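Content type PDB, C-alpha atoms, from the file structure-v1.pdb:
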ATOM      1  CA  MET A   2      25.536  38.231   0.129
ATOM      2  CA  GLY A   3      25.399  35.965  -2.884
ATOM      3  CA  ALA A   4      22.141  34.539  -4.214
ATOM      4  CA  TYR A   5      21.078  31.285  -2.560
ATOM      5  CA  SER A   6      20.227  28.555  -5.008
ATOM      6  CA  LEU A   7      19.610  24.824  -4.997
ATOM      7  CA  THR A   8      20.348  22.218  -7.627
ATOM      8  CA  HIS A   9      17.263  20.675  -9.203
ATOM      9  CA  LEU A  10      17.865  17.489  -7.191
ATOM     10  CA  LYS A  11      18.038  19.427  -3.915
ATOM     11  CA  GLU A  12      14.821  21.271  -4.837
ATOM     12  CA  LEU A  13      13.052  17.968  -5.496
ATOM     13  CA  GLU A  14      14.447  16.510  -2.277
ATOM     14  CA  SER A  15      13.278  19.539  -0.306
ATOM     15  CA  GLU A  16       9.765  19.350  -1.797
ATOM     16  CA  SER A  17       9.448  15.637  -1.042
ATOM     17  CA  ILE A  18      10.671  16.026   2.535
ATOM     18  CA  TYR A  19       8.121  18.822   3.016
ATOM     19  CA  VAL A  20       5.333  16.513   1.785
ATOM     20  CA  LEU A  21       6.489  13.681   4.063
ATOM     21  CA  ARG A  22       6.477  15.998   7.083
ATOM     22  CA  GLU A  23       3.020  17.299   6.106
ATOM     23  CA  VAL A  24       1.750  13.707   6.135
ATOM     24  CA  ALA A  25       3.243  13.107   9.584
ATOM     25  CA  SER A  26       1.613  16.296  10.906
ATOM     26  CA  GLN A  27      -1.837  16.021   9.246
ATOM     27  CA  PHE A  28      -2.637  12.319   9.601
ATOM     28  CA  GLU A  29      -3.019  10.152  12.676
ATOM     29  CA  ASN A  30      -1.915   6.808  11.262
ATOM     30  CA  PRO A  31       0.009   6.965   7.963
ATOM     31  CA  VAL A  32       1.841   4.112   6.266
ATOM     32  CA  MET A  33       4.411   4.032   3.466
ATOM     33  CA  LEU A  34       3.961   1.542   0.632
ATOM     34  CA  PHE A  35       7.169  -0.288  -0.218
ATOM     35  CA  SER A  36       7.638  -2.528  -3.261
ATOM     36  CA  GLY A  37      11.408  -2.919  -3.264
ATOM     37  CA  GLY A  38      11.612  -0.895  -6.480
ATOM     38  CA  LYS A  39      13.867   2.131  -6.952
ATOM     39  CA  ASP A  40      11.098   4.703  -6.395
ATOM     40  CA  SER A  41       9.984   3.292  -3.052
ATOM     41  CA  ILE A  42      13.624   2.870  -2.014
ATOM     42  CA  VAL A  43      14.271   6.561  -2.779
ATOM     43  CA  MET A  44      11.077   7.536  -0.933
ATOM     44  CA  PHE A  45      12.165   5.568   2.137
ATOM     45  CA  HIS A  46      15.609   7.204   1.909
ATOM     46  CA  LEU A  47      13.893  10.629   1.855
ATOM     47  CA  ALA A  48      11.750   9.665   4.864
ATOM     48  CA  ARG A  49      14.850   8.722   6.843
ATOM     49  CA  LYS A  50      16.310  12.145   6.002
ATOM     50  CA  ALA A  51      13.049  13.936   6.840
ATOM     51  CA  PHE A  52      12.957  12.635  10.411
ATOM     52  CA  TRP A  53      16.656  12.130  11.137
ATOM     53  CA  PRO A  54      18.029  11.562  13.785
ATOM     54  CA  GLY A  55      14.693  10.077  14.881
ATOM     55  CA  LYS A  56      13.246   6.940  13.334
ATOM     56  CA  VAL A  57      10.761   7.061  10.463
ATOM     57  CA  PRO A  58       7.488   7.554  12.395
ATOM     58  CA  PHE A  59       5.347   5.184  10.338
ATOM     59  CA  PRO A  60       5.577   1.538   9.184
ATOM     60  CA  LEU A  61       6.184   0.266   5.663
ATOM     61  CA  LEU A  62       3.628  -1.913   3.874
ATOM     62  CA  HIS A  63       4.596  -4.369   1.133
ATOM     63  CA  VAL A  64       1.828  -6.052  -0.852
ATOM     64  CA  ASP A  65       3.545  -9.313  -1.784
ATOM     65  CA  THR A  66       2.014 -11.030  -4.815
ATOM     66  CA  GLY A  67       3.938 -14.231  -4.110
ATOM     67  CA  HIS A  68       5.365 -13.825  -7.609
ATOM     68  CA  ASN A  69       7.947 -11.192  -6.783
ATOM     69  CA  PHE A  70      11.516 -11.643  -7.936
ATOM     70  CA  PRO A  71      13.563 -13.407  -5.208
ATOM     71  CA  GLU A  72      16.191 -10.662  -5.502
ATOM     72  CA  THR A  73      13.537  -8.083  -4.536
ATOM     73  CA  ILE A  74      12.477  -9.954  -1.402
ATOM     74  CA  GLU A  75      16.086 -10.545  -0.330
ATOM     75  CA  PHE A  76      16.874  -6.846  -0.778
ATOM     76  CA  ARG A  77      13.721  -5.816   1.132
ATOM     77  CA  ASP A  78      14.539  -8.002   4.122
ATOM     78  CA  ARG A  79      18.180  -6.903   4.176
ATOM     79  CA  LEU A  80      17.175  -3.209   4.102
ATOM     80  CA  MET A  81      14.631  -3.632   6.908
ATOM     81  CA  GLU A  82      17.226  -5.405   9.064
ATOM     82  CA  LYS A  83      19.816  -2.696   8.349
ATOM     83  CA  THR A  84      17.517   0.250   9.109
ATOM     84  CA  GLY A  85      15.330  -1.264  11.831
ATOM     85  CA  ALA A  86      12.194  -0.145  10.015
ATOM     86  CA  LYS A  87       8.863  -1.792  10.807
ATOM     87  CA  LEU A  88       7.569  -3.792   7.833
ATOM     88  CA  ILE A  89       4.028  -5.107   7.344
ATOM     89  CA  VAL A  90       3.421  -7.624   4.545
ATOM     90  CA  GLY A  91       0.044  -8.061   2.859
ATOM     91  CA  SER A  92      -0.103 -11.427   1.076
ATOM     92  CA  VAL A  93      -1.971 -11.891  -2.204
ATOM     93  CA  GLN A  94      -1.517 -15.667  -1.782
ATOM     94  CA  GLN A  95      -3.413 -15.438   1.519
ATOM     95  CA  SER A  96      -6.212 -13.480  -0.202
ATOM     96  CA  ILE A  97      -6.427 -16.269  -2.806
ATOM     97  CA  ASP A  98      -6.402 -19.027  -0.166
ATOM     98  CA  GLU A  99      -9.213 -17.287   1.745
ATOM     99  CA  GLY A 100     -11.327 -17.012  -1.413
ATOM    100  CA  LYS A 101     -11.322 -13.204  -1.443
ATOM    101  CA  VAL A 102      -9.867 -13.047  -4.951
ATOM    102  CA  MET A 103      -9.809 -15.528  -7.803
ATOM    103  CA  GLU A 104      -6.518 -16.263  -9.485
ATOM    104  CA  GLU A 105      -6.484 -15.670 -13.223
ATOM    105  CA  LYS A 106      -6.146 -18.661 -15.540
ATOM    106  CA  GLY A 107      -4.447 -19.020 -18.874
ATOM    107  CA  ILE A 108      -1.179 -18.210 -20.513
ATOM    108  CA  ASN A 109      -1.335 -14.484 -19.645
ATOM    109  CA  ALA A 110      -2.484 -14.953 -16.042
ATOM    110  CA  SER A 111      -1.106 -12.354 -13.628
ATOM    111  CA  ARG A 112      -1.545 -11.532  -9.974
ATOM    112  CA  ASN A 113      -0.850  -7.852 -10.531
ATOM    113  CA  ALA A 114      -4.493  -6.763 -10.506
ATOM    114  CA  LEU A 115      -5.220  -8.970  -7.470
ATOM    115  CA  GLN A 116      -3.042  -6.687  -5.353
ATOM    116  CA  THR A 117      -5.904  -4.196  -5.068
ATOM    117  CA  VAL A 118      -7.970  -6.356  -2.715
ATOM    118  CA  THR A 119      -4.957  -7.208  -0.537
ATOM    119  CA  LEU A 120      -3.919  -3.550  -0.428
ATOM    120  CA  LEU A 121      -7.367  -2.297   0.589
ATOM    121  CA  GLU A 122      -7.717  -5.019   3.231
ATOM    122  CA  SER A 123      -4.270  -4.216   4.645
ATOM    123  CA  LEU A 124      -5.107  -0.506   4.848
ATOM    124  CA  GLU A 125      -8.410  -1.258   6.578
ATOM    125  CA  ALA A 126      -6.844  -3.774   8.989
ATOM    126  CA  GLY A 127      -4.210  -1.239  10.044
ATOM    127  CA  ARG A 128      -6.759   1.604  10.137
ATOM    128  CA  TYR A 129      -4.352   3.700   8.096
ATOM    129  CA  ASP A 130      -5.624   7.114   7.051
ATOM    130  CA  ALA A 131      -2.836   7.903   4.553
ATOM    131  CA  ALA A 132      -0.804   5.601   2.315
ATOM    132  CA  MET A 133       2.314   7.115   0.728
ATOM    133  CA  GLY A 134       3.602   5.675  -2.524
ATOM    134  CA  GLY A 135       6.449   6.208  -4.969
ATOM    135  CA  ALA A 136       4.350   6.812  -8.087
ATOM    136  CA  ARG A 137       5.574   9.623 -10.358
ATOM    137  CA  ARG A 138       3.610  11.741 -12.820
ATOM    138  CA  ASP A 139       6.006  11.037 -15.711
ATOM    139  CA  GLU A 140       5.456   7.263 -15.504
ATOM    140  CA  GLU A 141       1.972   6.944 -16.929
ATOM    141  CA  LYS A 142      -0.933   9.198 -17.970
ATOM    142  CA  ALA A 143      -3.274   8.133 -15.139
ATOM    143  CA  ARG A 144      -0.558   8.868 -12.592
ATOM    144  CA  ALA A 145      -0.048  12.272 -14.219
ATOM    145  CA  LYS A 146      -3.574  13.223 -13.067
ATOM    146  CA  GLU A 147      -2.874  12.598  -9.388
ATOM    147  CA  ARG A 148      -2.479  15.354  -6.803
ATOM    148  CA  PHE A 149       0.148  15.078  -4.049
ATOM    149  CA  PHE A 150      -2.707  14.373  -1.614
ATOM    150  CA  SER A 151      -5.217  12.174  -3.446
ATOM    151  CA  HIS A 152      -8.560  11.501  -1.772
ATOM    152  CA  ARG A 153     -10.039   7.975  -1.648
ATOM    153  CA  ASP A 154     -13.602   7.225  -0.576
ATOM    154  CA  GLU A 155     -14.611   4.664   2.056
ATOM    155  CA  PHE A 156     -14.233   1.906  -0.559
ATOM    156  CA  GLY A 157     -10.718   3.007  -1.537
ATOM    157  CA  GLN A 158     -11.940   4.307  -4.897
ATOM    158  CA  TRP A 159     -10.469   7.277  -6.772
ATOM    159  CA  ASP A 160     -12.486   9.816  -8.775
ATOM    160  CA  PRO A 161     -10.058  11.526 -11.171
ATOM    161  CA  LYS A 162     -12.680  14.156 -12.153
ATOM    162  CA  ASN A 163     -13.323  15.249  -8.594
ATOM    163  CA  GLN A 164      -9.952  16.001  -7.053
ATOM    164  CA  ARG A 165      -9.227  18.682  -4.516
ATOM    165  CA  PRO A 166      -7.245  21.683  -5.750
ATOM    166  CA  GLU A 167      -3.717  22.116  -4.441
ATOM    167  CA  LEU A 168      -2.634  25.761  -4.344
ATOM    168  CA  TRP A 169       1.135  26.154  -4.108
ATOM    169  CA  ASN A 170       2.161  23.906  -1.216
ATOM    170  CA  ILE A 171      -1.149  23.891   0.660
ATOM    171  CA  PHE A 172      -2.356  20.311   1.067
ATOM    172  CA  ASN A 173      -5.855  19.414   2.231
ATOM    173  CA  GLY A 174      -5.962  16.166   4.209
ATOM    174  CA  LYS A 175      -9.491  16.549   5.607
ATOM    175  CA  LYS A 176     -11.585  13.392   5.309
ATOM    176  CA  GLN A 177     -14.702  11.680   6.591
ATOM    177  CA  MET A 178     -14.574   8.571   8.775
ATOM    178  CA  GLY A 179     -13.556   5.541   6.732
ATOM    179  CA  GLU A 180     -11.989   7.600   3.953
ATOM    180  CA  HIS A 181      -8.266   7.855   3.445
ATOM    181  CA  PHE A 182      -5.631   9.515   1.259
ATOM    182  CA  ARG A 183      -2.958   8.298  -1.086
ATOM    183  CA  VAL A 184       0.051  10.601  -1.008
ATOM    184  CA  PHE A 185       2.756  10.841  -3.663
ATOM    185  CA  PRO A 186       5.844  12.624  -2.276
ATOM    186  CA  ILE A 187       7.943  12.144  -5.440
ATOM    187  CA  SER A 188       5.236  13.098  -7.950
ATOM    188  CA  ASN A 189       7.385  15.722  -9.655
ATOM    189  CA  TRP A 190      10.451  13.521 -10.117
ATOM    190  CA  THR A 191      11.325  11.968 -13.483
ATOM    191  CA  GLU A 192      13.022   8.636 -14.088
ATOM    192  CA  MET A 193      16.254  10.540 -14.806
ATOM    193  CA  ASP A 194      15.935  12.520 -11.551
ATOM    194  CA  ILE A 195      15.592   9.251  -9.645
ATOM    195  CA  TRP A 196      18.734   7.764 -11.173
ATOM    196  CA  GLN A 197      20.770  10.941 -10.711
ATOM    197  CA  TYR A 198      19.665  11.143  -7.073
ATOM    198  CA  ILE A 199      20.518   7.476  -6.449
ATOM    199  CA  LEU A 200      24.006   8.143  -7.842
ATOM    200  CA  HIS A 201      24.383  11.361  -5.817
ATOM    201  CA  GLU A 202      23.244   9.747  -2.554
ATOM    202  CA  ASN A 203      24.947   6.384  -3.204
ATOM    203  CA  ILE A 204      21.700   4.492  -2.534
ATOM    204  CA  ASP A 205      21.820   0.706  -2.656
ATOM    205  CA  LEU A 206      19.465  -1.102  -5.111
ATOM    206  CA  PRO A 207      18.438  -4.672  -5.969
ATOM    207  CA  SER A 208      20.770  -6.346  -8.468
ATOM    208  CA  LEU A 209      17.871  -6.662 -10.951
ATOM    209  CA  TYR A 210      18.393  -3.058 -12.028
ATOM    210  CA  PHE A 211      21.893  -3.773 -13.332
ATOM    211  CA  SER A 212      22.675  -5.787 -16.434
ATOM    212  CA  HIS A 213      23.142  -9.505 -15.861
ATOM    213  CA  THR A 214      22.765 -12.748 -17.772
ATOM    214  CA  ARG A 215      19.289 -14.236 -17.386
ATOM    215  CA  GLU A 216      17.012 -16.779 -19.012
ATOM    216  CA  VAL A 217      14.174 -14.917 -20.750
ATOM    217  CA  PHE A 218      11.648 -15.427 -23.523
ATOM    218  CA  GLU A 219       9.814 -12.952 -25.749
ATOM    219  CA  ARG A 220       6.032 -12.482 -25.785
ATOM    220  CA  ASP A 221       4.338  -9.641 -27.670
ATOM    221  CA  GLY A 222       7.580  -7.703 -27.757
ATOM    222  CA  VAL A 223       8.202  -8.057 -24.011
ATOM    223  CA  LEU A 224      11.155 -10.021 -22.571
ATOM    224  CA  LEU A 225       9.755 -11.980 -19.626
ATOM    225  CA  ALA A 226      11.838 -13.889 -17.085
ATOM    226  CA  ALA A 227      11.721 -17.665 -17.556
ATOM    227  CA  THR A 228      10.376 -18.887 -14.223
ATOM    228  CA  GLU A 229       7.947 -21.506 -13.019
ATOM    229  CA  VAL A 230       5.277 -18.853 -12.313
ATOM    230  CA  VAL A 231       5.131 -17.674 -15.934
ATOM    231  CA  PRO A 232       3.652 -20.404 -18.202
ATOM    232  CA  ARG A 233       5.005 -20.521 -21.754
ATOM    233  CA  LYS A 234       3.578 -21.426 -25.139
ATOM    234  CA  ASP A 235       5.217 -24.255 -27.081
ATOM    235  CA  ASP A 236       6.780 -21.848 -29.562
ATOM    236  CA  GLU A 237       8.237 -19.491 -26.949
ATOM    237  CA  GLU A 238      11.945 -20.217 -26.863
ATOM    238  CA  VAL A 239      13.954 -19.607 -23.699
ATOM    239  CA  LYS A 240      17.389 -18.108 -24.246
ATOM    240  CA  GLU A 241      20.111 -16.502 -22.162
ATOM    241  CA  MET A 242      20.450 -12.761 -22.679
ATOM    242  CA  VAL A 243      22.198  -9.866 -20.959
ATOM    243  CA  VAL A 244      19.326  -7.792 -19.585
ATOM    244  CA  ARG A 245      18.253  -5.516 -16.779
ATOM    245  CA  PHE A 246      14.897  -4.280 -15.459
ATOM    246  CA  ARG A 247      13.789  -0.618 -15.539
ATOM    247  CA  THR A 248      10.844  -1.322 -13.238
ATOM    248  CA  ILE A 249      10.429  -4.096 -10.672
ATOM    249  CA  GLY A 250       7.073  -5.707 -10.080
ATOM    250  CA  ASP A 251       5.311  -9.030 -10.372
ATOM    251  CA  MET A 252       7.348 -11.505 -12.476
ATOM    252  CA  THR A 253       4.301 -12.298 -14.595
ATOM    253  CA  CYS A 254       4.078  -8.831 -16.105
ATOM    254  CA  THR A 255       7.463  -7.116 -15.671
ATOM    255  CA  GLY A 256       9.597  -7.084 -18.776
ATOM    256  CA  ALA A 257      13.372  -6.808 -19.083
ATOM    257  CA  VAL A 258      15.390  -4.817 -21.593
ATOM    258  CA  GLU A 259      18.591  -5.814 -23.361
ATOM    259  CA  SER A 260      21.316  -3.741 -21.793
ATOM    260  CA  ASP A 261      24.982  -3.685 -20.884
ATOM    261  CA  ALA A 262      24.411  -1.018 -18.205
ATOM    262  CA  ASP A 263      26.041  -2.561 -15.137
ATOM    263  CA  SER A 264      26.680   0.689 -13.250
ATOM    264  CA  LEU A 265      24.678   3.763 -12.266
ATOM    265  CA  GLU A 266      26.665   5.917 -14.677
ATOM    266  CA  LYS A 267      25.876   3.587 -17.589
ATOM    267  CA  ILE A 268      22.185   3.429 -16.615
ATOM    268  CA  ILE A 269      21.966   7.237 -16.656
ATOM    269  CA  ASP A 270      23.557   7.283 -20.123
ATOM    270  CA  GLU A 271      21.117   4.620 -21.283
ATOM    271  CA  VAL A 272      18.029   6.378 -19.889
ATOM    272  CA  SER A 273      19.109   9.676 -21.465
ATOM    273  CA  SER A 274      19.185   8.156 -24.950
ATOM    274  CA  THR A 275      16.322   5.647 -24.969
ATOM    275  CA  ARG A 276      13.058   6.386 -26.809
ATOM    276  CA  VAL A 277      11.117   3.665 -24.977
ATOM    277  CA  THR A 278       9.136   4.720 -21.913
ATOM    278  CA  GLU A 279       9.994   3.306 -18.511
ATOM    279  CA  ARG A 280       6.810   1.215 -18.390
ATOM    280  CA  GLY A 281       7.087   0.173 -22.026
ATOM    281  CA  GLY A 282       8.109  -3.285 -20.829
ATOM    282  CA  ARG A 283       5.114  -3.748 -18.524
ATOM    283  CA  SER A 284       2.560  -6.110 -20.067
ATOM    284  CA  ASP A 285      -0.042  -5.119 -17.416
ATOM    285  CA  ASP A 286      -0.197  -1.610 -18.912
ATOM    286  CA  LYS A 287      -0.935  -3.067 -22.359
ATOM    287  CA  ARG A 288      -4.150  -4.849 -21.399
ATOM    288  CA  SER A 289      -6.197  -1.810 -22.412
ATOM    289  CA  GLU A 290      -5.740   1.873 -23.204
ATOM    290  CA  ALA A 291      -6.964   2.843 -19.735
ATOM    291  CA  ALA A 292      -5.593  -0.152 -17.797
ATOM    292  CA  MET A 293      -3.860   1.857 -15.073
ATOM    293  CA  GLU A 294      -6.705   4.347 -14.593
ATOM    294  CA  ASP A 295      -9.249   1.529 -14.335
ATOM    295  CA  ARG A 296      -7.118  -0.203 -11.679
ATOM    296  CA  LYS A 297      -6.628   3.044  -9.762
ATOM    297  CA  LYS A 298     -10.362   3.770  -9.739
ATOM    298  CA  ALA A 299     -10.868   0.335  -8.156
ATOM    299  CA  GLY A 300      -8.354   1.070  -5.418
ATOM    300  CA  TYR A 301      -5.020   0.058  -6.960
ATOM    301  CA  PHE A 302      -2.081   2.206  -6.082
TER     302      PHE A 302
END

Have the structure of the file written as structure tokens, please.
Amino acid sequence: MGAYSLTHLKELESESIYVLREVASQFENPVMLFSGGKDSIVMFHLARKAFWPGKVPFPLLHVDTGHNFPETIEFRDRLMEKTGAKLIVGSVQQSIDEGKVMEEKGINASRNALQTVTLLESLEAGRYDAAMGGARRDEEKARAKERFFSHRDEFGQWDPKNQRPELWNIFNGKKQMGEHFRVFPISNWTEMDIWQYILHENIDLPSLYFSHTREVFERDGVLLAATEVVPRKDDEEVKEMVVRFRTIGDMTCTGAVESDADSLEKIIDEVSSTRVTERGGRSDDKRSEAAMEDRKKAGYF
């Protein structure tokens, strides 16, 4: 009998499906966070495989800042209709209207950080005891510190210096009442793995990921979309450029990159040769050296 071996993509897929099934078996009321970005789309694809031919046994939760790209929302709604998945939407605009968070003012105002309150309220309202997300360790140094099963206290806070050990594939989901876990099934994937898997599985994506002509302007080295939700300075000139987005988030902080990559094959070639990190175009990560870790400690995903 010949040696049995898996490709690296099949090994990653197998690991992620194992984690997803562990969540379904260990927790009473899990939920999957869904942003409409490529990582959450791949995670949802893996969940459908993990429980096929049954339905995904947990709902999806989208924290909508109200400043998402229209293409993202259209894709989200089309995917939910196609798959029959249950979607719950937490609204940052509603949190603002109810006075639970205060919208930032000024030229660099963003709703990105405001998501934390809406996320924690949505998790509490649904009494969810595990929230799965598509964060990967190669994205950012704070995310590199996360375990697969990451404990959160009763206030949704994360203590990066006091994490539970994970030996081999043994995951510890024990918690006290009111506490919950964040779970990261695709922690070990890289950006390149994600793109190669999307190509291999022929997974549909929002058009934002592929090069297209768009009105943008430059601020601090970041190409931001010219929209009514992003105020501009007098000297910031709007121009049409051929761009695409490597990450998809709030329009106020998600930067585009100049690119002619209009196919998955071209994107893989581009990612293999670039020296700029995936989140290099995110202005929210540039607010401070520890911006992501500070947000995560407060309950951000």

Spell out the residues picked by the PyMOL selection byres ((chain A and resi 155) around 10) here, as a PDB file with C-alpha atoms, keeping the file's coordinate frame.
ATOM      1  CA  GLU A 125      -8.410  -1.258   6.578  1.00  0.00           C
ATOM      2  CA  HIS A 152      -8.560  11.501  -1.772  1.00  0.00           C
ATOM      3  CA  ARG A 153     -10.039   7.975  -1.648  1.00  0.00           C
ATOM      4  CA  ASP A 154     -13.602   7.225  -0.576  1.00  0.00           C
ATOM      5  CA  PHE A 156     -14.233   1.906  -0.559  1.00  0.00           C
ATOM      6  CA  GLY A 157     -10.718   3.007  -1.537  1.00  0.00           C
ATOM      7  CA  GLN A 158     -11.940   4.307  -4.897  1.00  0.00           C
ATOM      8  CA  LYS A 176     -11.585  13.392   5.309  1.00  0.00           C
ATOM      9  CA  GLN A 177     -14.702  11.680   6.591  1.00  0.00           C
ATOM     10  CA  MET A 178     -14.574   8.571   8.775  1.00  0.00           C
ATOM     11  CA  GLY A 179     -13.556   5.541   6.732  1.00  0.00           C
ATOM     12  CA  GLU A 180     -11.989   7.600   3.953  1.00  0.00           C
ATOM     13  CA  HIS A 181      -8.266   7.855   3.445  1.00  0.00           C
TER      14      HIS A 181
END

Atom CA of Leu115 of chain A to atom CA of Met252 of chain A: how many Å, to one decimal?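 Atom-to-atom, atom CA of Leu115 of chain A to atom CA of Met252 of chain A, that is 13.8 Å.
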
How close does segment 147-250 of chain A get to segment 5-22 of chain A? List, as a tab-separated table, each residue of segment 147-250 of chain A within 7 Å, its nearest atom pair and the distance in Å to one decimal, counting only C-alpha atoms.
residue	atom	partner	partner_atom	distance
A:Pro186	CA	A:Ser17	CA	4.9
A:Ile187	CA	A:Ser17	CA	5.8
A:Trp190	CA	A:Leu13	CA	6.9
A:Asp194	CA	A:Leu10	CA	6.9
A:Tyr198	CA	A:Leu10	CA	6.6

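Minimum atom-to-atom distances from A:Phe70, A:Phe150, A:Phe59, A:Phe172 to Ile89 of chain A were compared using only C-alpha atoms, and the lowest value belongs to A:Phe59.
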
Can you list, as a PyMOL selection string, every protein, DNA or RNA residue that comes within 12 Å of His46 of chain A when you count all atoms listed in the file, leaving out same-chain residues fewer than 6 positions away? chain A and resi 14+17-18+21+33+35+39-40+52-53+56-57+80-81+84+86+135+186-187+195+198-199+202-206

Write out as an MDAnalysis selection string the residues lying within 8 Å of Gly91 of chain A, counting all atoms listed in the file and excluding same-chain residues fewer than 2 positions away. chainID A and resid 62:65 89 93 119:120 123

Go through A:Val184, A:Ala132, A:Ala51, A:Ala227 and flag the residue nearest Leu34 of chain A, using all atoms listed in the file for the distances.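 Among the listed residues, the smallest separation from Leu34 of chain A belongs to A:Ala132.
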
Dump as an NGL selection string all residues having an atom at most 12 Å from (-12.8, 13.4, -11.0), computed in the file's coordinates with all atoms listed in the file. :A and (143 or 146-148 or 151-153 or 158-166 or 294 or 298)

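Take atom CA of Arg138 of chain A and atom CA of Phe182 of chain A: the distance between them is 17.0 Å.
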
Ranking A:Phe246, A:Phe45, A:Tyr129, A:Phe76 by minimum distance to Ser260 of chain A and counting only C-alpha atoms, which one comes first? A:Phe246

Quote the spacing between atom CA of Glu238 of chain A and atom CA of His213 of chain A in Å to one decimal place.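 Pair atom CA of Glu238 of chain A / atom CA of His213 of chain A returns 19.0 Å.
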